[in-house]
Structure formats: structure tokens, C-alpha cells
Amino acid sequence: MTVTGGFGLADVRSDEDLFLACREGDQVAFRVLVDRHLRMVRRLALNVLGDVQEAEDAAQEAFIAAWRARERWTPEARFSTWLHRIAVNKAIDRRRVRKAVPESQEVITRLADAEVQGPAQADALANLERSEVAVTLQQALGKLPDTQRQALTLFYFEELEVGRIADAMGCSEQAVRSLLKRGRQTLKTRLQRQKKICGYGPETVRSAPEGAGRPA
């Protein structure tokens with residue numbers, strides 16, 4: 001099966017109703033789901049892999065895996081959460097195989113910008129420092145355990161609430177909060193170390209309250 005987007009298919013049925021139809025072999029319903037979720041799945045894979053072509057391949061694999069596993073899905077499970085889990089796992093599997101560091105500068109810069117404290121400055125020096133922080137942060141993210149990187153990606157870039165991250169990762173909410181806390185602390189330590197060495201970088205890493213969540 002080849003997965004592509006942009007079908008322009010309109011269907012008022014919920015994801016869950018569409019996937020129930022997929023369980024009966026309805027490929028048109030599945031194409032509607034692909035059209036709805038392909039962009040999200042690609043972005044999620046890109047955040048993990050940092051490579052556009054790798055992310056495209058991971059997205060293909062995720063939808064193929066979803067189609068093949070359709071009979072094991074139950075209506076009690078939210079389709080988008082289930083698909084999130086498959087997409088992240090496929091992306092992480094690809095990353096483990098190639099053992100590469102994510103290189104998505106856009107994603108890394110977004111997190112770096114979020115961590116930098118104080119008013120924005122438009123001069124060249126400020127832009128250079130932000131770029132250097134982004135590089136340092138990229139390196140730090142690349143050294144995080146897969147689970148910590150995954151939790152940070154879902155929380156900061158996909159803006160999922162803790163409960164949905166727990167569902168996507170197949171763990172408890174407390175485990176997600178612990179992963180976020182450890183991941184942020186590691187990034188904070190590395191950025192502060194870089195500041196001492198080079199004289200730039202944020203004083204602190206922004207953290208969310210332990211019970212914080214994002215709107216779904």
C-alpha cells in the first residue's frame with residue numbers, strides 16, 4: 001500500500017467511525033483518515049528523526065502498520081492517540097537503525113527560543129547567540145534517551161497534554177512527568193555548562209508545573 005495525502009475527501013464521520021469501516025476493508029475510509037492525519041504524522045516523525053525523507057518513510061510505515069493492525073484496534077481507543085503511538089514508534093525504530101542525531105533546525109530553534117529568557121533583541125549578536133544555543137540544544141537532544149526525547153517532542157512540539165502523551169507512549173502520566181523533568185534538567189545542565197564555557201545561553205530552562213497539560 002502506498003500512502004499519499006491531498007485527496008480532498010470530505011467525510012463528517014469521526015475518526016473512530018471511519019476506522020471501524022476500515023476494519024471491514026473500506027479503503028476509501030482509510031484514505032480519508034490519511035488525508036486528515038498525514039501532516040501530523042509527518043511532523044511527528046520529523047521531530048524525532050530530523051530528516052524529511054526519513055520522516056516521509058516513517059509516516060508511510062506508520063499508516064501501513066495501522067492498516068494491518070486495524071482488526072486489533074478497539075473502538076474504546078482514541079484513533080489519533082493510537083496512531084500517535086505507532087508513528088512515534090516507527091520513527092524511533094528508524095532512528096535506532098541509523099543511529100543519527102536529529103537535524104531539524106526549525107524544531108531545535110523553536111525549543112531554543114522557548115528556553116531563552118528576557119526580551120528579544122534584533123541585533124546580529126543576539127541572533128548569533130540564539131543560533132549557538134540552538135546548536136548546543138540540538139546536540140543535547142541527540143544525546144537524550146529515546147523516551148525523554150519522545151516526551152519532550154510530544155509536549156513542546158505537538159503540544160499534547162500529559163495524559164495523551166502517556167497514552168501515546170504506553171506509560172503512566174507520572175512516568176511522563178518524570179521523563180519531562182529529567183529531560184529538561186539535562187538540557188538545562190548542558191546549556192548552563194555551555195554558557196560558562198562560551199559566555200552565552202539562558203540562565204534557566206523553562207519548566208512546566210508537574211501537573212501541567214496542554215489542550216488536546
# chains A, B, ... in the order shown; residues from 1 in each chain; ligands from 1

call {"tool": "closest_atom_pairs", "arguments": {"of": "region 27-48 of chain A", "to": "region 148-172 of chain A", "cutoff": "8 Å", "atoms": "only C-alpha atoms", "output": "CSV"}}
result
residue,atom,partner,partner_atom,distance
A:Leu44,CA,A:Glu158,CA,7.2
A:Asn47,CA,A:Thr153,CA,6.5
A:Val48,CA,A:Gln150,CA,7.0

call {"tool": "atom_distance", "arguments": {"atom1": "CA of Arg23 (chain A)", "atom2": "CA of Ala58 (chain A)"}}
result
22.4 Å

call {"tool": "atom_distance", "arguments": {"atom1": "CA of Thr186 (chain A)", "atom2": "CA of Leu46 (chain A)"}}
result
22.0 Å

call {"tool": "closest_residue", "arguments": {"among": "A:Ile64, A:Gln174, A:Arg78, A:Asp57", "to": "Phe30 (chain A)", "atoms": "only C-alpha atoms"}}
result
A:Ile64
